[in-house]
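Below is the file query25.tsv, which contains TSV, C-alpha atoms and all ligand atoms.
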chain	number	residue	atom	x	y	z
A	748	MET	CA	78.95	24.13	85.93
A	749	SER	CA	75.20	24.58	86.41
A	750	SER	CA	74.00	27.47	88.54
A	751	ASP	CA	72.96	24.83	91.12
A	752	GLY	CA	76.56	23.62	91.19
A	753	ASN	CA	77.77	27.17	91.66
A	754	GLU	CA	75.25	27.78	94.41
A	755	GLU	CA	76.34	24.68	96.28
A	756	LYS	CA	79.99	25.71	96.04
A	757	PHE	CA	79.23	29.27	97.16
A	758	ARG	CA	77.24	27.97	100.13
A	759	LYS	CA	79.93	25.51	101.20
A	760	SER	CA	82.71	28.07	100.91
A	761	GLN	CA	80.75	30.64	102.91
A	762	GLU	CA	79.96	28.08	105.60
A	763	PHE	CA	83.60	27.02	105.73
A	764	LEU	CA	84.84	30.60	106.07
A	765	SER	CA	82.22	31.51	108.68
A	766	ARG	CA	83.00	28.41	110.72
A	767	VAL	CA	86.78	28.79	110.60
A	768	THR	CA	86.78	32.52	111.37
A	769	SER	CA	84.41	31.96	114.32
A	770	PHE	CA	87.06	29.79	115.98
A	771	ILE	CA	89.96	32.19	115.51
A	772	LYS	CA	90.93	34.33	118.42
A	773	GLY	CA	92.54	37.64	117.49
A	774	LYS	CA	92.43	39.80	114.42
A	775	ILE	CA	91.80	38.47	110.92
A	776	ALA	CA	93.10	40.34	107.89
A	777	LEU	CA	92.52	40.34	104.15
A	778	ALA	CA	95.15	41.77	101.80
A	779	TYR	CA	93.05	43.15	98.95
A	780	SER	CA	94.74	42.96	95.54
A	781	TYR	CA	91.97	44.54	93.40
A	782	GLN	CA	91.36	41.18	91.70
A	783	SER	CA	87.94	39.54	91.44
A	784	GLU	CA	89.02	36.62	93.64
A	785	ASP	CA	89.78	39.03	96.47
A	786	THR	CA	86.52	40.89	95.89
A	787	VAL	CA	84.67	37.58	96.35
A	788	ALA	CA	86.74	36.70	99.44
A	789	LEU	CA	86.08	40.16	100.87
A	790	ASP	CA	82.33	39.84	100.28
A	791	MET	CA	82.33	36.46	102.00
A	792	LEU	CA	84.44	37.72	104.91
A	793	LEU	CA	82.02	40.61	105.50
A	794	LYS	CA	79.15	38.10	105.54
A	795	CYS	CA	80.83	36.27	108.43
A	796	GLY	CA	79.73	39.14	110.70
A	797	LEU	CA	83.08	39.45	112.48
A	798	LYS	CA	83.56	42.24	114.98
A	799	GLU	CA	87.27	42.60	114.30
A	800	PHE	CA	89.01	42.36	110.96
A	801	GLU	CA	91.25	44.49	108.80
A	802	VAL	CA	91.31	44.98	105.06
A	803	PHE	CA	94.32	46.58	103.47
A	804	THR	CA	96.04	46.72	100.12
A	805	LEU	CA	99.75	46.62	99.31
A	806	ASP	CA	100.45	49.86	97.50
A	807	THR	CA	103.74	48.97	95.83
A	808	LYS	CA	103.97	52.42	94.22
A	809	LYS	CA	103.93	50.59	90.89
A	810	LEU	CA	100.18	50.09	90.59
A	811	PHE	CA	98.08	50.90	87.53
A	812	PRO	CA	96.62	54.43	87.71
A	813	GLU	CA	93.11	53.02	87.21
A	814	LEU	CA	93.30	51.47	90.68
A	815	ALA	CA	93.22	54.81	92.50
A	816	GLU	CA	89.59	55.32	91.51
A	817	TYR	CA	88.71	51.64	91.81
A	818	HIS	CA	89.98	51.73	95.41
A	819	GLN	CA	87.27	54.27	96.19
A	820	VAL	CA	84.67	52.22	94.33
A	821	ILE	CA	85.44	49.22	96.55
A	822	GLU	CA	85.38	51.24	99.76
A	823	LYS	CA	82.07	52.82	98.84
A	824	PHE	CA	80.46	49.59	97.65
A	825	PHE	CA	81.34	47.64	100.79
A	826	GLY	CA	81.17	50.59	103.18
A	827	ILE	CA	84.61	49.87	104.59
A	828	SER	CA	87.99	51.52	104.74
A	829	VAL	CA	90.77	49.73	102.85
A	830	GLY	CA	94.12	50.80	104.30
A	831	ARG	CA	97.10	51.35	102.02
A	832	ARG	CA	100.34	49.74	103.12
A	833	PHE	CA	103.53	51.07	101.53
A	834	PRO	CA	107.05	49.72	101.20
A	835	ASP	CA	109.69	51.05	103.57
A	836	ALA	CA	110.54	54.48	102.15
A	837	GLU	CA	114.32	54.18	102.37
A	838	GLU	CA	114.39	50.65	100.93
A	839	GLU	CA	112.09	51.76	98.14
A	840	ARG	CA	114.23	54.77	97.33
A	841	LYS	CA	117.36	52.62	97.02
A	842	LEU	CA	115.49	50.05	94.95
A	843	GLU	CA	114.20	52.67	92.55
A	844	GLU	CA	117.68	54.12	92.25
A	845	SER	CA	119.23	50.78	91.35
A	846	LEU	CA	116.47	49.24	89.19
A	847	GLY	CA	114.78	52.26	87.68
A	848	GLU	CA	111.41	51.82	86.02
A	849	PHE	CA	111.88	48.41	84.38
A	850	GLY	CA	115.06	46.95	85.95
A	851	MET	CA	113.03	44.24	87.65
A	852	ARG	CA	112.74	42.56	84.23
A	853	GLU	CA	116.49	42.11	83.88
A	854	SER	CA	116.91	39.09	86.13
A	855	LEU	CA	114.97	36.85	88.44
A	856	ALA	CA	117.07	38.14	91.34
A	857	ALA	CA	116.19	41.75	90.51
A	858	ARG	CA	112.52	40.95	90.15
A	859	ARG	CA	112.41	39.06	93.43
A	860	ARG	CA	114.28	41.83	95.21
A	861	CYS	CA	111.65	44.27	93.99
A	862	CYS	CA	108.78	41.96	95.03
A	863	ARG	CA	110.38	41.39	98.42
A	864	ILE	CA	110.75	45.09	99.18
A	865	ARG	CA	107.51	46.30	97.62
A	866	LYS	CA	105.26	43.37	98.51
A	867	VAL	CA	106.53	40.62	100.81
A	868	ASN	CA	108.14	42.83	103.47
A	869	THR	CA	105.15	45.18	103.40
A	870	LEU	CA	102.77	42.27	103.82
A	871	ALA	CA	104.85	40.92	106.71
A	872	ARG	CA	104.60	44.26	108.52
A	873	ALA	CA	100.87	44.53	107.81
A	874	LEU	CA	100.20	41.01	109.10
A	875	ASN	CA	102.23	41.50	112.25
A	876	GLY	CA	99.99	40.85	115.25
A	877	LYS	CA	97.23	39.22	113.22
A	878	SER	CA	96.07	35.68	113.92
A	879	ALA	CA	94.94	34.74	110.45
A	880	TYR	CA	94.44	36.07	106.97
A	881	VAL	CA	91.99	35.30	104.23
A	882	THR	CA	93.08	35.03	100.61
A	883	GLY	CA	91.36	34.65	97.24
A	884	VAL	CA	93.95	32.16	96.02
A	885	ARG	CA	92.67	29.33	93.78
A	886	ALA	CA	94.51	26.10	93.06
A	887	SER	CA	93.65	26.23	89.36
A	888	GLN	CA	95.20	29.67	88.84
A	889	SER	CA	98.67	28.36	88.06
A	890	VAL	CA	101.16	25.53	88.51
A	891	THR	CA	102.59	27.38	91.50
A	892	ARG	CA	99.24	27.25	93.28
A	893	ALA	CA	98.16	23.69	92.42
A	894	GLY	CA	97.27	21.68	95.49
A	895	ILE	CA	96.79	24.58	97.91
A	896	PRO	CA	94.58	23.51	100.86
A	897	PRO	CA	91.56	25.41	102.20
A	898	LEU	CA	93.34	26.00	105.50
A	899	GLU	CA	97.05	26.07	106.25
A	900	TYR	CA	99.65	27.34	108.64
A	901	ASP	CA	101.75	30.00	106.94
A	902	ASP	CA	105.20	29.65	108.44
A	903	GLN	CA	106.50	32.63	106.48
A	904	PHE	CA	104.21	35.02	108.38
A	905	ASP	CA	103.48	32.75	111.36
A	906	LEU	CA	99.71	32.75	111.14
A	907	ILE	CA	96.77	30.80	109.80
A	908	LYS	CA	95.96	31.25	106.14
A	909	ILE	CA	92.41	30.65	104.96
A	910	ASN	CA	91.80	30.01	101.26
A	911	PRO	CA	88.01	29.69	100.87
A	912	LEU	CA	88.22	29.74	97.05
A	913	PHE	CA	90.87	27.03	96.87
A	914	ASP	CA	88.73	24.78	94.62
A	915	TRP	CA	86.97	27.48	92.60
A	916	SER	CA	87.31	27.97	88.87
A	917	GLU	CA	87.55	31.31	87.08
A	918	ASP	CA	83.91	30.77	86.01
A	919	ASP	CA	82.85	30.30	89.63
A	920	VAL	CA	84.41	33.65	90.47
A	921	SER	CA	82.62	35.34	87.55
A	922	ALA	CA	79.32	33.71	88.52
A	923	TYR	CA	79.64	34.91	92.12
A	924	ILE	CA	80.52	38.44	91.01
A	925	ALA	CA	77.49	38.51	88.69
A	926	LYS	CA	75.12	37.00	91.23
A	927	HIS	CA	75.98	39.53	93.92
A	928	GLY	CA	76.51	42.49	91.59
A	929	LEU	CA	80.02	43.09	92.92
A	930	PRO	CA	82.25	45.74	91.32
A	931	GLN	CA	84.89	44.63	88.85
A	932	ASN	CA	88.32	46.09	88.33
A	933	PRO	CA	88.14	48.11	85.05
A	934	LEU	CA	91.37	46.44	83.87
A	935	TYR	CA	89.46	43.19	83.18
A	936	ALA	CA	87.57	44.99	80.41
A	937	LYS	CA	90.96	45.81	78.85
A	938	GLY	CA	92.00	42.16	78.56
A	939	PHE	CA	93.75	41.59	81.88
A	940	ARG	CA	92.87	38.35	83.67
A	941	SER	CA	95.25	38.60	86.61
A	942	ILE	CA	96.29	41.97	87.95
A	943	GLY	CA	99.54	42.99	89.57
A	944	CYS	CA	101.94	45.93	89.27
A	945	ALA	CA	101.96	47.90	86.01
A	946	PRO	CA	105.52	47.06	84.86
A	947	CYS	CA	104.95	43.33	85.43
A	948	THR	CA	101.43	42.78	84.12
A	949	ARG	CA	100.03	42.78	80.62
A	950	PRO	CA	96.69	41.73	79.09
A	951	VAL	CA	96.49	38.10	77.95
A	952	LYS	CA	95.63	36.94	74.46
A	953	GLU	CA	92.87	34.52	73.48
A	954	GLY	CA	93.86	30.99	74.55
A	955	GLU	CA	96.66	32.11	76.85
A	956	ASP	CA	96.91	30.96	80.43
A	957	LEU	CA	95.19	33.05	83.10
A	958	ARG	CA	98.46	34.23	84.63
A	959	ALA	CA	100.39	34.45	81.36
A	960	GLY	CA	100.34	38.23	81.68
A	961	ARG	CA	102.13	38.23	85.04
A	962	TRP	CA	105.97	38.41	84.82
A	963	TRP	CA	105.52	37.06	81.27
A	964	TRP	CA	109.27	36.98	80.63
A	965	GLU	CA	109.74	34.27	83.31
A	966	SER	CA	108.81	30.58	83.23
A	967	PRO	CA	105.38	29.71	84.72
A	968	ASP	CA	106.85	27.97	87.78
A	969	GLN	CA	108.61	31.21	88.82
A	970	ARG	CA	105.64	33.56	88.58
A	971	GLU	CA	104.95	34.36	92.25
A	972	CYS	CA	105.89	37.42	94.25
A	973	GLY	CA	106.63	35.42	97.39
A	974	CYS	CA	103.57	36.57	99.37
A	975	MET	CA	101.25	33.68	98.63
A	976	ILE	CA	103.84	31.05	97.83
A	977	LYS	CA	107.21	31.07	99.52
A	978	TYR	CA	110.19	30.54	97.23
A	979	LYS	CA	111.53	27.02	97.47
A	980	GLU	CA	114.78	26.11	99.19
A	981	GLY	CA	117.69	27.06	96.95
A	982	ASP	CA	115.72	29.61	94.94
A	983	ALA	CA	117.69	32.48	96.44
A	984	GLN	CA	120.91	31.04	95.08
A	985	ASN	CA	119.27	30.24	91.76
A	986	ALA	CA	117.84	33.73	91.58
A	987	ALA	CA	121.28	35.20	91.92
A	988	THR	CA	122.60	33.27	88.95
A	989	ILE	CA	119.72	32.98	86.50
A	990	LYS	CA	119.63	35.69	83.86
A	991	LEU	CA	116.47	35.87	81.85
A	992	GLY	CA	116.04	37.43	78.45
A	1001	LIG	S1	105.29	42.85	90.62
A	1001	LIG	FE1	106.96	43.92	89.57
A	1001	LIG	S2	106.88	46.07	90.22
A	1001	LIG	FE2	105.57	44.86	91.59
A	1001	LIG	S3	106.84	44.43	93.31
A	1001	LIG	FE3	107.05	42.67	91.94
A	1001	LIG	S4	108.76	43.11	90.55
A	1001	LIG	FE4	108.22	45.01	91.62

Kindly return the structure encoded in the file as structure tokens.
Ligand code: SF4
Amino acid sequence: MSSDGNEEKFRKSQEFLSRVTSFIKGKIALAYSYQSEDTVALDMLLKCGLKEFEVFTLDTKKLFPELAEYHQVIEKFFGISVGRRFPDAEEERKLEESLGEFGMRESLAARRRCCRIRKVNTLARALNGKSAYVTGVRASQSVTRAGIPPLEYDDQFDLIKINPLFDWSEDDVSAYIAKHGLPQNPLYAKGFRSIGCAPCTRPVKEGEDLRAGRWWWESPDQRECGCMIKYKEGDAQNAATIKLG
């Protein structure tokens, strides 16, 4: 896309986010995942000039060590505090006892149990009392995200979900980051194109899909933690029976 095309998209997305957030009563949140999409969404949210909002990250206790320093880079660059939200300590202890370091790779059920305790339940607690949350989700990221709308009601967390980058490409994200000189997660320079927990994320090879490095042992239509996309009806039963190699 030409830079004019990028500019037009950036302007429209910013206008959309500013307009929508101006109508929302109550607190707006952004769950920051250390990915470029969220860095863009955060930059745009700050430009909305809201008086009340909260930015936090889900510290699953399985994050890459590089993110500890990058967390500080982000806070310093934007001049904000990014809260860390942790899984329930007792649930996490039992999970670690039963799955160990890599047990989440043994079955879809195990992996989803880990994601539920470390991510989904933590996100639910963090979003409690909020009216809306902003995401950096893009429809072209994966088959699981195709067709996401710019604005939706999230019945899993009972609040409004705003996806200002819903129609952006990976190149749009890179162009925005470059234009505004935003920080980039150091893992991108090591070949990662989508970043999650350390045991479940690997760099992708030339020609591979953007999210091929996330839960790479599963099929593409299963690669979601359950925060952004709720599992479909019947998945819980399927998860209990499917064994993946
Ligand atoms: S991404 Fe992996 S380590 Fe992180 S919560 Fe999900 S299964 Fe657990």

Quick one: pull the distance between atom CA of A:Lys809 and atom CA of A:Leu842, Å, one decimal.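 If I compute the distance from atom CA of A:Lys809 to atom CA of A:Leu842, I get 12.3 Å.
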
Pick from A:Gly773, A:Asp790, A:Lys759, A:Ile895 nearest to A:Tyr923, counting only C-alpha atoms: A:Asp790

Within 12 Å of A:Pro911, counting only C-alpha atoms, which residues show up once you throw out same-chain ones fewer than 6 positions away? Write them as a PyMOL selection string, please. chain A and resi 756-768+784-785+787-792+880-886+895-899+920

Starting from the point (95.2, 36.1, 83.5), work out which residues of protein, DNA or RNA have an atom no more than 7 Å away when counting only C-alpha atoms; state them as a count of residues only. 9

Measure the distance from atom CA of A:Leu846 to atom CA of A:Ala815 in Å and round it to one decimal.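 Computed distance, atom CA of A:Leu846 to atom CA of A:Ala815, equals 24.1 Å.
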
For the contact check between stretch 820-874 of chain A and stretch 969-976 of chain A, emit one row per residue of stretch 820-874 of chain A within 8 Å, containing the shortest atom pair and the distance in Å rounded to one decimal, counting only C-alpha atoms, chain then rising number order, as JSON lines.
{"residue": "A:Arg859", "atom": "CA", "partner": "A:Cys972", "partner_atom": "CA", "distance": 6.8}
{"residue": "A:Cys862", "atom": "CA", "partner": "A:Cys972", "partner_atom": "CA", "distance": 5.4}
{"residue": "A:Arg863", "atom": "CA", "partner": "A:Gly973", "partner_atom": "CA", "distance": 7.1}
{"residue": "A:Lys866", "atom": "CA", "partner": "A:Cys974", "partner_atom": "CA", "distance": 7.1}
{"residue": "A:Val867", "atom": "CA", "partner": "A:Cys974", "partner_atom": "CA", "distance": 5.2}
{"residue": "A:Leu870", "atom": "CA", "partner": "A:Cys974", "partner_atom": "CA", "distance": 7.3}

Writer output for current selection, C-alpha atoms, as a CSV table (one decimal), in the frame of the given file:
chain,number,residue,atom,x,y,z
A,859,ARG,CA,112.4,39.1,93.4
A,862,CYS,CA,108.8,42.0,95.0
A,863,ARG,CA,110.4,41.4,98.4
A,866,LYS,CA,105.3,43.4,98.5
A,867,VAL,CA,106.5,40.6,100.8
A,870,LEU,CA,102.8,42.3,103.8

Please, which residues are within 6 Å of (107.0, 50.1, 106.1) by the file's coordinates, counting all atoms listed in the file, and could they come as a PyMOL selection string? chain A and resi 833-835+869

Set the cut-off to 9 Å, count only C-alpha atoms and all ligand atoms, and list whatever residues fall near ligand LIG 1001 (chain A) as a PDB file with C-alpha atoms, in the coordinates of the input.
ATOM      1  CA  THR A 807     103.740  48.970  95.830  1.00  0.00           C
ATOM      2  CA  LYS A 808     103.970  52.420  94.220  1.00  0.00           C
ATOM      3  CA  LYS A 809     103.930  50.590  90.890  1.00  0.00           C
ATOM      4  CA  LEU A 810     100.180  50.090  90.590  1.00  0.00           C
ATOM      5  CA  GLU A 848     111.410  51.820  86.020  1.00  0.00           C
ATOM      6  CA  PHE A 849     111.880  48.410  84.380  1.00  0.00           C
ATOM      7  CA  GLY A 850     115.060  46.950  85.950  1.00  0.00           C
ATOM      8  CA  MET A 851     113.030  44.240  87.650  1.00  0.00           C
ATOM      9  CA  ARG A 852     112.740  42.560  84.230  1.00  0.00           C
ATOM     10  CA  ALA A 857     116.190  41.750  90.510  1.00  0.00           C
ATOM     11  CA  ARG A 858     112.520  40.950  90.150  1.00  0.00           C
ATOM     12  CA  ARG A 859     112.410  39.060  93.430  1.00  0.00           C
ATOM     13  CA  ARG A 860     114.280  41.830  95.210  1.00  0.00           C
ATOM     14  CA  CYS A 861     111.650  44.270  93.990  1.00  0.00           C
ATOM     15  CA  CYS A 862     108.780  41.960  95.030  1.00  0.00           C
ATOM     16  CA  ARG A 863     110.380  41.390  98.420  1.00  0.00           C
ATOM     17  CA  ILE A 864     110.750  45.090  99.180  1.00  0.00           C
ATOM     18  CA  ARG A 865     107.510  46.300  97.620  1.00  0.00           C
ATOM     19  CA  LYS A 866     105.260  43.370  98.510  1.00  0.00           C
ATOM     20  CA  VAL A 867     106.530  40.620 100.810  1.00  0.00           C
ATOM     21  CA  GLY A 943      99.540  42.990  89.570  1.00  0.00           C
ATOM     22  CA  CYS A 944     101.940  45.930  89.270  1.00  0.00           C
ATOM     23  CA  ALA A 945     101.960  47.900  86.010  1.00  0.00           C
ATOM     24  CA  PRO A 946     105.520  47.060  84.860  1.00  0.00           C
ATOM     25  CA  CYS A 947     104.950  43.330  85.430  1.00  0.00           C
ATOM     26  CA  THR A 948     101.430  42.780  84.120  1.00  0.00           C
ATOM     27  CA  ARG A 961     102.130  38.230  85.040  1.00  0.00           C
ATOM     28  CA  TRP A 962     105.970  38.410  84.820  1.00  0.00           C
ATOM     29  CA  GLU A 971     104.950  34.360  92.250  1.00  0.00           C
ATOM     30  CA  CYS A 972     105.890  37.420  94.250  1.00  0.00           C
TER      31      CYS A 972
END

Given all atoms listed in the file as the basis, pick out the residue of A:Ser887, A:Gln782, A:Ser769, A:Asn875 nearest to A:Phe913.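 Ranked by minimum distance to A:Phe913, first place goes to A:Ser887.
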
Quote the spacing between atom CA of A:Leu874 and atom CA of A:Leu814 in Å to one decimal place.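 Those two atoms sit 22.3 Å apart.
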
Which residues, written as a list in words, have at least one atom at most 7 Å from A:Thr891, with only C-alpha atoms counted and residues fewer than 2 positions away on the same chain left out? Ser889, Ala893 and Asp968 of chain A

Would you mind exporting the chosen residues as a PDB file, in the frame of the given file, restricted to C-alpha atoms?
ATOM      1  CA  SER A 889      98.670  28.360  88.060  1.00  0.00           C
ATOM      2  CA  ALA A 893      98.160  23.690  92.420  1.00  0.00           C
ATOM      3  CA  ASP A 968     106.850  27.970  87.780  1.00  0.00           C
TER       4      ASP A 968
END

Of the residues A:Gly876, A:Gly830, A:Gly847, A:Pro967, which is the one nearest to A:Arg892, using only C-alpha atoms?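 Closest residue, counting only C-alpha atoms: A:Pro967.
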
Given only C-alpha atoms as the basis, pick out the residue of A:Glu844, A:Gly954, A:Thr786, A:Asp918 nearest to A:Phe825.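 Residue with the minimum atom-to-atom distance to A:Phe825: A:Thr786.
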
What are the closest atom pairs, with distances in Å to one decimal, for each residue of stretch 885-953 of chain A lying within 12 Å of stretch 819-823 of chain A, using all atoms listed in the file, rows by chain and rising residue number, as CSV?
residue,atom,partner,partner_atom,distance
A:Leu929,CA,A:Ile821,CA,9.0
A:Pro930,CA,A:Ile821,CA,7.0
A:Gln931,CA,A:Ile821,CA,9.0
A:Asn932,CA,A:Ile821,CA,9.3
A:Pro933,CA,A:Val820,CA,10.7

Could you check the closest approach to A:Ile827 for each of A:Glu953, A:Glu813, A:Glu801, A:Glu755 and tell me which residue wins, using only C-alpha atoms?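 Selected residue with least distance to A:Ile827: A:Glu801.
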
How would stretch 820-840 of chain A look with N, CA and C atoms restored, written as an mmCIF file, in the coordinates of the input?
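And here's rebuild-v3.cif as it stands now:
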data_model
loop_
_atom_site.group_PDB
_atom_site.id
_atom_site.type_symbol
_atom_site.label_atom_id
_atom_site.label_comp_id
_atom_site.auth_asym_id
_atom_site.auth_seq_id
_atom_site.Cartn_x
_atom_site.Cartn_y
_atom_site.Cartn_z
ATOM 1 N N VAL A 820 85.874 52.964 94.697
ATOM 2 C CA VAL A 820 84.670 52.220 94.330
ATOM 3 C C VAL A 820 84.450 51.076 95.331
ATOM 4 N N ILE A 821 85.527 50.363 95.623
ATOM 5 C CA ILE A 821 85.440 49.220 96.550
ATOM 6 C C ILE A 821 85.054 49.689 97.954
ATOM 7 N N GLU A 822 85.692 50.748 98.412
ATOM 8 C CA GLU A 822 85.380 51.240 99.760
ATOM 9 C C GLU A 822 83.911 51.665 99.848
ATOM 10 N N LYS A 823 83.454 52.335 98.825
ATOM 11 C CA LYS A 823 82.070 52.820 98.840
ATOM 12 C C LYS A 823 81.086 51.654 98.750
ATOM 13 N N PHE A 824 81.378 50.707 97.854
ATOM 14 C CA PHE A 824 80.460 49.590 97.650
ATOM 15 C C PHE A 824 80.290 48.778 98.944
ATOM 16 N N PHE A 825 81.415 48.479 99.593
ATOM 17 C CA PHE A 825 81.340 47.640 100.790
ATOM 18 C C PHE A 825 81.176 48.449 102.083
ATOM 19 N N GLY A 826 81.317 49.756 101.987
ATOM 20 C CA GLY A 826 81.170 50.590 103.180
ATOM 21 C C GLY A 826 82.273 50.347 104.194
ATOM 22 N N ILE A 827 83.481 50.126 103.696
ATOM 23 C CA ILE A 827 84.610 49.870 104.590
ATOM 24 C C ILE A 827 85.792 50.772 104.185
ATOM 25 N N SER A 828 86.760 50.806 105.067
ATOM 26 C CA SER A 828 87.990 51.520 104.740
ATOM 27 C C SER A 828 89.055 50.474 104.380
ATOM 28 N N VAL A 829 89.702 50.647 103.262
ATOM 29 C CA VAL A 829 90.770 49.730 102.850
ATOM 30 C C VAL A 829 92.098 50.480 103.005
ATOM 31 N N GLY A 830 92.858 50.108 104.019
ATOM 32 C CA GLY A 830 94.120 50.800 104.300
ATOM 33 C C GLY A 830 95.149 50.559 103.210
ATOM 34 N N ARG A 831 96.012 51.531 102.997
ATOM 35 C CA ARG A 831 97.100 51.350 102.020
ATOM 36 C C ARG A 831 98.380 51.107 102.795
ATOM 37 N N ARG A 832 99.070 50.052 102.463
ATOM 38 C CA ARG A 832 100.340 49.740 103.120
ATOM 39 C C ARG A 832 101.453 49.917 102.101
ATOM 40 N N PHE A 833 102.459 50.702 102.469
ATOM 41 C CA PHE A 833 103.530 51.070 101.530
ATOM 42 C C PHE A 833 104.835 50.367 101.879
ATOM 43 N N PRO A 834 105.712 50.241 100.886
ATOM 44 C CA PRO A 834 107.050 49.720 101.200
ATOM 45 C C PRO A 834 107.824 50.690 102.087
ATOM 46 N N ASP A 835 108.813 50.184 102.766
ATOM 47 C CA ASP A 835 109.690 51.050 103.570
ATOM 48 C C ASP A 835 110.290 52.116 102.639
ATOM 49 N N ALA A 836 110.174 53.377 103.048
ATOM 50 C CA ALA A 836 110.540 54.480 102.150
ATOM 51 C C ALA A 836 112.010 54.442 101.743
ATOM 52 N N GLU A 837 112.894 54.162 102.681
ATOM 53 C CA GLU A 837 114.320 54.180 102.370
ATOM 54 C C GLU A 837 114.682 52.991 101.459
ATOM 55 N N GLU A 838 114.121 51.831 101.777
ATOM 56 C CA GLU A 838 114.390 50.650 100.930
ATOM 57 C C GLU A 838 113.859 50.893 99.515
ATOM 58 N N GLU A 839 112.707 51.517 99.452
ATOM 59 C CA GLU A 839 112.090 51.760 98.140
ATOM 60 C C GLU A 839 112.899 52.763 97.327
ATOM 61 N N ARG A 840 113.424 53.759 98.021
ATOM 62 C CA ARG A 840 114.230 54.770 97.330
ATOM 63 C C ARG A 840 115.487 54.128 96.714
#
